Structures are given as C-alpha cells and as structure tokens.
Amino acid sequence: MSPTTIDVAINVNGETHQVDVEPRTLLVHFIREQAGLTGTHTGCETGQCGACTVLLDGHAVKSCMVLAAQATGHEVMTIEGLATSADELHPLQTVFWEEHGLQCGYCTPGVLLSSLALLRDNPSPDDQQIRHALEGNICRCTGYHNIINAVRVAAEQLTPDQLSAQAATSEVR
Ligand code: FES
Ligand code: FES
C-alpha cells in the first residue's frame, strides 16, 4: 500500500473485493471500477438523482455520497445481486417489466433497490409511502405512474422469501 492509498475490503453481492484505493474514492466508483459492476449508474454524483442507489447493510444509500473507505467491512448489494441467476429476473424485476415501470432503464437499478428496501421494511406500503421512499430516485422517462403501480403490484404479489432473496457467493477477489 502506498502512502496515498488505503486498503479497503467491501463485500459486494456476497463477494469480498479487497483493493488499495485513493482515500477520496467514492463507493459508486469502487463498485463500477474495482468490482466491475456497471449496473450501478452515475448521474449527478451530488446525491440528487438516485441513479447510483445500492443497499449498504440493507439500507438504500446513494453510493456517490459514500466513500469506499466508509464501506469497508460492510455489505453492499447492487442490482447484479438482485436476481439469483443470470438467466432469470428477480420477481421484482418481472413486475416492473410487466407493469411497464421503466422506459430507458437508466434509473431502474436505483429504483429497484430503493423499492426493495421499502418492501423489506414495509411489505404493504400505501401510495404516499411508495412515493416517499422513491422521492430520491429521479426518472426522466416514465412520469412515475407506472413505477408507483409496479411497486404496488409487487407489494401484493411478492412473498417475504422473494423479498429477502439475493444472489450469494463467498469468493474473495
Ligand atoms: S449519481 Fe448519486 S445521486 Fe446522482
Ligand atoms: S426509465 Fe428512463 S430515466 Fe427512468
């Protein structure tokens, strides 16, 4: 480790990534560049748009507002960790697809993870609670109506097991 870098070890989707990074490295850049998981998008990089939303120890956070150093020793879940297999959508993704809860898809990873955090915490949210949970996720395409509807349908259809499931590996890179 050089004096200008720090050693961080972050569990991303069940796989620990241990690397030296500059102290200023943002979690979103760690995820995309060190972990190679580009499903987490960058937009504003100022905490406004929500494109970079991931789960940090189960809580939805904007990964452009967290330093990689702050996440060392913690568990991150990105959109790649949502489906249990590369060939099969997670039921929440299926509902968003069926209910047309996306258009270009740029905001969708963040929207899905914010929605998952909401539904894990509150399996039967009303529309106001859904809107509140997603107020930090900006979508330029959909007008939000179908996103809100998709979360409502997911709340009706998804089981607790489906909400808690995620891909899991235990490799260290
Ligand atoms: S890129 Fe993080 S909130 Fe916009
Ligand atoms: S679907 Fe295009 S930004 Fe949300």
# chains A, B, ... in the order shown; residues from 1 in each chain; ligands from 1
$ select_by_dssp --residues "segment 8-170 of chain A" --states "helix (DSSP H, G or I)" --output "number ranges by chain"
A: 27-34, 63-65, 68-71, 79-81, 91-98, 108-121, 127-133, 145-157, 160-164
$ write_last_selection --atoms "C-alpha atoms" --output "short mmCIF file (atom, residue, chain, number, x, y, z; two decimals), in the first residue's frame"
data_model
loop_
_atom_site.label_atom_id
_atom_site.label_comp_id
_atom_site.auth_asym_id
_atom_site.auth_seq_id
_atom_site.Cartn_x
_atom_site.Cartn_y
_atom_site.Cartn_z
CA LEU A 27 -18.31 3.87 -3.33
CA VAL A 28 -20.01 4.18 -6.73
CA HIS A 29 -16.62 4.29 -8.44
CA PHE A 30 -15.37 1.38 -6.35
CA ILE A 31 -18.40 -0.65 -7.42
CA ARG A 32 -18.05 0.19 -11.10
CA GLU A 33 -14.28 0.24 -11.47
CA GLN A 34 -12.86 -2.07 -8.81
CA SER A 63 -23.27 5.41 -3.43
CA CYS A 64 -21.91 8.71 -4.75
CA MET A 65 -22.36 10.10 -1.25
CA ALA A 68 -15.34 3.44 -0.32
CA ALA A 69 -13.38 3.74 2.93
CA GLN A 70 -16.62 4.20 4.83
CA ALA A 71 -18.00 0.98 3.37
CA ILE A 79 -28.54 -4.58 -8.99
CA GLU A 80 -26.38 -7.51 -10.09
CA GLY A 81 -27.06 -9.12 -6.72
CA PRO A 91 -39.72 -11.24 -9.22
CA LEU A 92 -39.47 -7.51 -8.51
CA GLN A 93 -37.81 -7.01 -11.88
CA THR A 94 -40.50 -9.12 -13.52
CA VAL A 95 -43.24 -6.98 -12.02
CA PHE A 96 -41.54 -3.78 -13.21
CA TRP A 97 -41.30 -5.31 -16.69
CA GLU A 98 -44.93 -6.46 -16.72
CA THR A 108 -34.15 1.46 -12.89
CA PRO A 109 -31.36 -0.21 -10.88
CA GLY A 110 -31.64 2.51 -8.27
CA VAL A 111 -35.42 2.49 -8.33
CA LEU A 112 -35.50 -1.29 -7.90
CA LEU A 113 -33.13 -1.25 -4.93
CA SER A 114 -34.99 1.62 -3.24
CA SER A 115 -38.22 -0.31 -3.84
CA LEU A 116 -36.72 -3.50 -2.42
CA ALA A 117 -35.57 -1.68 0.71
CA LEU A 118 -39.05 -0.23 1.11
CA LEU A 119 -40.84 -3.54 0.68
CA ARG A 120 -38.50 -5.35 3.05
CA ASP A 121 -39.20 -2.70 5.65
CA ASP A 127 -49.04 5.14 -2.44
CA GLN A 128 -47.81 8.01 -0.30
CA GLN A 129 -45.26 5.75 1.36
CA ILE A 130 -44.13 4.44 -2.03
CA ARG A 131 -43.71 7.98 -3.35
CA HIS A 132 -41.82 9.00 -0.22
CA ALA A 133 -39.46 6.01 -0.50
CA HIS A 145 -47.15 6.47 -12.57
CA ASN A 146 -46.09 3.01 -13.74
CA ILE A 147 -43.22 2.88 -11.25
CA ILE A 148 -45.59 3.53 -8.36
CA ASN A 149 -48.01 0.99 -9.78
CA ALA A 150 -45.26 -1.61 -10.16
CA VAL A 151 -44.26 -1.24 -6.51
CA ARG A 152 -47.94 -1.51 -5.52
CA VAL A 153 -48.32 -4.72 -7.54
CA ALA A 154 -45.05 -6.09 -6.14
CA ALA A 155 -46.34 -5.47 -2.63
CA GLU A 156 -49.41 -7.54 -3.49
CA GLN A 157 -47.58 -10.39 -5.22
CA PRO A 160 -41.25 -12.41 2.15
CA ASP A 161 -38.87 -15.07 0.83
CA GLN A 162 -38.78 -13.41 -2.58
CA LEU A 163 -38.10 -10.04 -0.98
CA SER A 164 -35.24 -11.36 1.11
#
$ closest_atom_pairs --of "chain A" --to "ligand 2" --cutoff "9 Å" --atoms "only C-alpha atoms and all ligand atoms" --output "JSON lines"
{"residue": "A:Ala51", "atom": "CA", "partner": "ligand 2", "partner_atom_place_in_ligand_line": "3 (S)", "distance": 8.5}
{"residue": "A:Gly101", "atom": "CA", "partner": "ligand 2", "partner_atom_place_in_ligand_line": "1 (S)", "distance": 7.4}
{"residue": "A:Leu102", "atom": "CA", "partner": "ligand 2", "partner_atom_place_in_ligand_line": "1 (S)", "distance": 4.2}
{"residue": "A:Gln103", "atom": "CA", "partner": "ligand 2", "partner_atom_place_in_ligand_line": "1 (S)", "distance": 4.0}
{"residue": "A:Cys104", "atom": "CA", "partner": "ligand 2", "partner_atom_place_in_ligand_line": "2 (Fe)", "distance": 3.9}
{"residue": "A:Gly105", "atom": "CA", "partner": "ligand 2", "partner_atom_place_in_ligand_line": "1 (S)", "distance": 4.2}
{"residue": "A:Tyr106", "atom": "CA", "partner": "ligand 2", "partner_atom_place_in_ligand_line": "3 (S)", "distance": 4.9}
{"residue": "A:Cys107", "atom": "CA", "partner": "ligand 2", "partner_atom_place_in_ligand_line": "4 (Fe)", "distance": 4.3}
{"residue": "A:Thr108", "atom": "CA", "partner": "ligand 2", "partner_atom_place_in_ligand_line": "4 (Fe)", "distance": 5.8}
{"residue": "A:Val111", "atom": "CA", "partner": "ligand 2", "partner_atom_place_in_ligand_line": "4 (Fe)", "distance": 8.2}
{"residue": "A:Asn137", "atom": "CA", "partner": "ligand 2", "partner_atom_place_in_ligand_line": "4 (Fe)", "distance": 8.6}
{"residue": "A:Ile138", "atom": "CA", "partner": "ligand 2", "partner_atom_place_in_ligand_line": "3 (S)", "distance": 6.9}
{"residue": "A:Cys139", "atom": "CA", "partner": "ligand 2", "partner_atom_place_in_ligand_line": "4 (Fe)", "distance": 3.7}
{"residue": "A:Arg140", "atom": "CA", "partner": "ligand 2", "partner_atom_place_in_ligand_line": "3 (S)", "distance": 4.2}
{"residue": "A:Cys141", "atom": "CA", "partner": "ligand 2", "partner_atom_place_in_ligand_line": "2 (Fe)", "distance": 4.3}
{"residue": "A:Thr142", "atom": "CA", "partner": "ligand 2", "partner_atom_place_in_ligand_line": "1 (S)", "distance": 5.7}
{"residue": "A:Gly143", "atom": "CA", "partner": "ligand 2", "partner_atom_place_in_ligand_line": "4 (Fe)", "distance": 8.5}
{"residue": "A:Tyr144", "atom": "CA", "partner": "ligand 2", "partner_atom_place_in_ligand_line": "4 (Fe)", "distance": 8.2}
{"residue": "A:Ile147", "atom": "CA", "partner": "ligand 2", "partner_atom_place_in_ligand_line": "4 (Fe)", "distance": 8.9}
$ write_last_selection --atoms "N, CA and C atoms" --output "PDB file, in the first residue's frame"
ATOM      1  N   ALA A  51     -29.483   7.581  -9.263  1.00  0.00           N
ATOM      2  CA  ALA A  51     -29.064   6.544 -10.226  1.00  0.00           C
ATOM      3  C   ALA A  51     -28.062   5.574  -9.617  1.00  0.00           C
ATOM      4  N   GLY A 101     -42.825  -0.411 -15.711  1.00  0.00           N
ATOM      5  CA  GLY A 101     -42.269   0.530 -14.741  1.00  0.00           C
ATOM      6  C   GLY A 101     -40.923   1.103 -15.147  1.00  0.00           C
ATOM      7  N   LEU A 102     -40.586   0.958 -16.409  1.00  0.00           N
ATOM      8  CA  LEU A 102     -39.335   1.539 -16.904  1.00  0.00           C
ATOM      9  C   LEU A 102     -39.473   1.844 -18.382  1.00  0.00           C
ATOM     10  N   GLN A 103     -38.617   2.763 -18.811  1.00  0.00           N
ATOM     11  CA  GLN A 103     -38.516   3.020 -20.249  1.00  0.00           C
ATOM     12  C   GLN A 103     -37.056   2.858 -20.662  1.00  0.00           C
ATOM     13  N   CYS A 104     -36.240   3.897 -20.525  1.00  0.00           N
ATOM     14  CA  CYS A 104     -34.836   3.734 -20.938  1.00  0.00           C
ATOM     15  C   CYS A 104     -34.062   2.837 -19.983  1.00  0.00           C
ATOM     16  N   GLY A 105     -34.473   2.793 -18.737  1.00  0.00           N
ATOM     17  CA  GLY A 105     -33.846   1.903 -17.765  1.00  0.00           C
ATOM     18  C   GLY A 105     -32.681   2.502 -16.995  1.00  0.00           C
ATOM     19  N   TYR A 106     -32.335   3.750 -17.298  1.00  0.00           N
ATOM     20  CA  TYR A 106     -31.152   4.295 -16.625  1.00  0.00           C
ATOM     21  C   TYR A 106     -31.355   4.416 -15.117  1.00  0.00           C
ATOM     22  N   CYS A 107     -32.532   4.831 -14.717  1.00  0.00           N
ATOM     23  CA  CYS A 107     -32.805   4.995 -13.283  1.00  0.00           C
ATOM     24  C   CYS A 107     -33.163   3.678 -12.613  1.00  0.00           C
ATOM     25  N   THR A 108     -33.471   2.658 -13.405  1.00  0.00           N
ATOM     26  CA  THR A 108     -34.148   1.457 -12.890  1.00  0.00           C
ATOM     27  C   THR A 108     -33.367   0.689 -11.831  1.00  0.00           C
ATOM     28  N   VAL A 111     -34.008   2.561  -8.702  1.00  0.00           N
ATOM     29  CA  VAL A 111     -35.425   2.486  -8.335  1.00  0.00           C
ATOM     30  C   VAL A 111     -35.740   1.106  -7.750  1.00  0.00           C
ATOM     31  N   ASN A 137     -35.187   9.136  -6.157  1.00  0.00           N
ATOM     32  CA  ASN A 137     -34.835   8.478  -7.418  1.00  0.00           C
ATOM     33  C   ASN A 137     -35.539   9.199  -8.560  1.00  0.00           C
ATOM     34  N   ILE A 138     -34.766   9.954  -9.321  1.00  0.00           N
ATOM     35  CA  ILE A 138     -35.345  10.730 -10.420  1.00  0.00           C
ATOM     36  C   ILE A 138     -35.416   9.875 -11.682  1.00  0.00           C
ATOM     37  N   CYS A 139     -36.565   9.921 -12.334  1.00  0.00           N
ATOM     38  CA  CYS A 139     -36.761   9.241 -13.614  1.00  0.00           C
ATOM     39  C   CYS A 139     -37.145  10.275 -14.653  1.00  0.00           C
ATOM     40  N   ARG A 140     -36.410  10.290 -15.755  1.00  0.00           N
ATOM     41  CA  ARG A 140     -36.684  11.283 -16.800  1.00  0.00           C
ATOM     42  C   ARG A 140     -37.708  10.778 -17.814  1.00  0.00           C
ATOM     43  N   CYS A 141     -38.121   9.508 -17.703  1.00  0.00           N
ATOM     44  CA  CYS A 141     -38.909   8.913 -18.782  1.00  0.00           C
ATOM     45  C   CYS A 141     -40.366   8.626 -18.425  1.00  0.00           C
ATOM     46  N   THR A 142     -40.595   8.009 -17.301  1.00  0.00           N
ATOM     47  CA  THR A 142     -41.866   7.311 -17.119  1.00  0.00           C
ATOM     48  C   THR A 142     -43.009   8.168 -16.598  1.00  0.00           C
ATOM     49  N   GLY A 143     -42.695   9.304 -15.988  1.00  0.00           N
ATOM     50  CA  GLY A 143     -43.761  10.061 -15.336  1.00  0.00           C
ATOM     51  C   GLY A 143     -44.149   9.473 -13.997  1.00  0.00           C
ATOM     52  N   TYR A 144     -43.461   8.421 -13.586  1.00  0.00           N
ATOM     53  CA  TYR A 144     -43.582   7.799 -12.261  1.00  0.00           C
ATOM     54  C   TYR A 144     -44.834   6.950 -12.061  1.00  0.00           C
ATOM     55  N   ILE A 147     -44.153   3.312 -12.305  1.00  0.00           N
ATOM     56  CA  ILE A 147     -43.217   2.880 -11.253  1.00  0.00           C
ATOM     57  C   ILE A 147     -43.985   2.674  -9.951  1.00  0.00           C
TER      58      ILE A 147
END
$ select_by_dssp --residues "chain A" --states "strand (DSSP E or B)" --output "PyMOL selection string"
chain A and resi 6-12+15-21+26+53-56+59-62+67+75-77+85+88+172
$ residues_near_ligand --ligand "ligand 1" --cutoff "8 Å" --atoms "only C-alpha atoms and all ligand atoms" --output "PyMOL selection string"
chain A and resi 28+41-53+62-65+136-137
$ write_last_selection --atoms "C-alpha atoms" --output "PDB file, in the first residue's frame"
ATOM      1  CA  VAL A  28     -20.008   4.184  -6.729  1.00  0.00           C
ATOM      2  CA  HIS A  41     -25.169   4.054 -12.703  1.00  0.00           C
ATOM      3  CA  THR A  42     -23.747   7.508 -12.219  1.00  0.00           C
ATOM      4  CA  GLY A  43     -25.742  10.629 -12.868  1.00  0.00           C
ATOM      5  CA  CYS A  44     -25.345  13.787 -10.857  1.00  0.00           C
ATOM      6  CA  GLU A  45     -22.715  12.493  -8.414  1.00  0.00           C
ATOM      7  CA  THR A  46     -24.101  15.030  -5.945  1.00  0.00           C
ATOM      8  CA  GLY A  47     -26.742  12.940  -4.222  1.00  0.00           C
ATOM      9  CA  GLN A  48     -29.669  14.285  -6.211  1.00  0.00           C
ATOM     10  CA  CYS A  49     -30.681  11.729  -8.842  1.00  0.00           C
ATOM     11  CA  GLY A  50     -30.537   8.299  -7.181  1.00  0.00           C
ATOM     12  CA  ALA A  51     -29.064   6.544 -10.226  1.00  0.00           C
ATOM     13  CA  CYS A  52     -26.256   5.221  -8.008  1.00  0.00           C
ATOM     14  CA  THR A  53     -28.517   3.760  -5.302  1.00  0.00           C
ATOM     15  CA  LYS A  62     -26.673   6.863  -2.794  1.00  0.00           C
ATOM     16  CA  SER A  63     -23.269   5.413  -3.434  1.00  0.00           C
ATOM     17  CA  CYS A  64     -21.910   8.709  -4.750  1.00  0.00           C
ATOM     18  CA  MET A  65     -22.362  10.098  -1.245  1.00  0.00           C
ATOM     19  CA  GLY A 136     -34.737  10.404  -4.140  1.00  0.00           C
ATOM     20  CA  ASN A 137     -34.835   8.478  -7.418  1.00  0.00           C
TER      21      ASN A 137
END
$ closest_residue --among "A:Ala35, A:Ile10, A:Val19, A:Leu89" --to "Leu56 of chain A" --atoms "only C-alpha atoms"
A:Ile10
$ closest_residue --among "A:Val66, A:His74, A:Gly39, A:His59" --to "Gly14 of chain A" --atoms "only C-alpha atoms"
A:His74
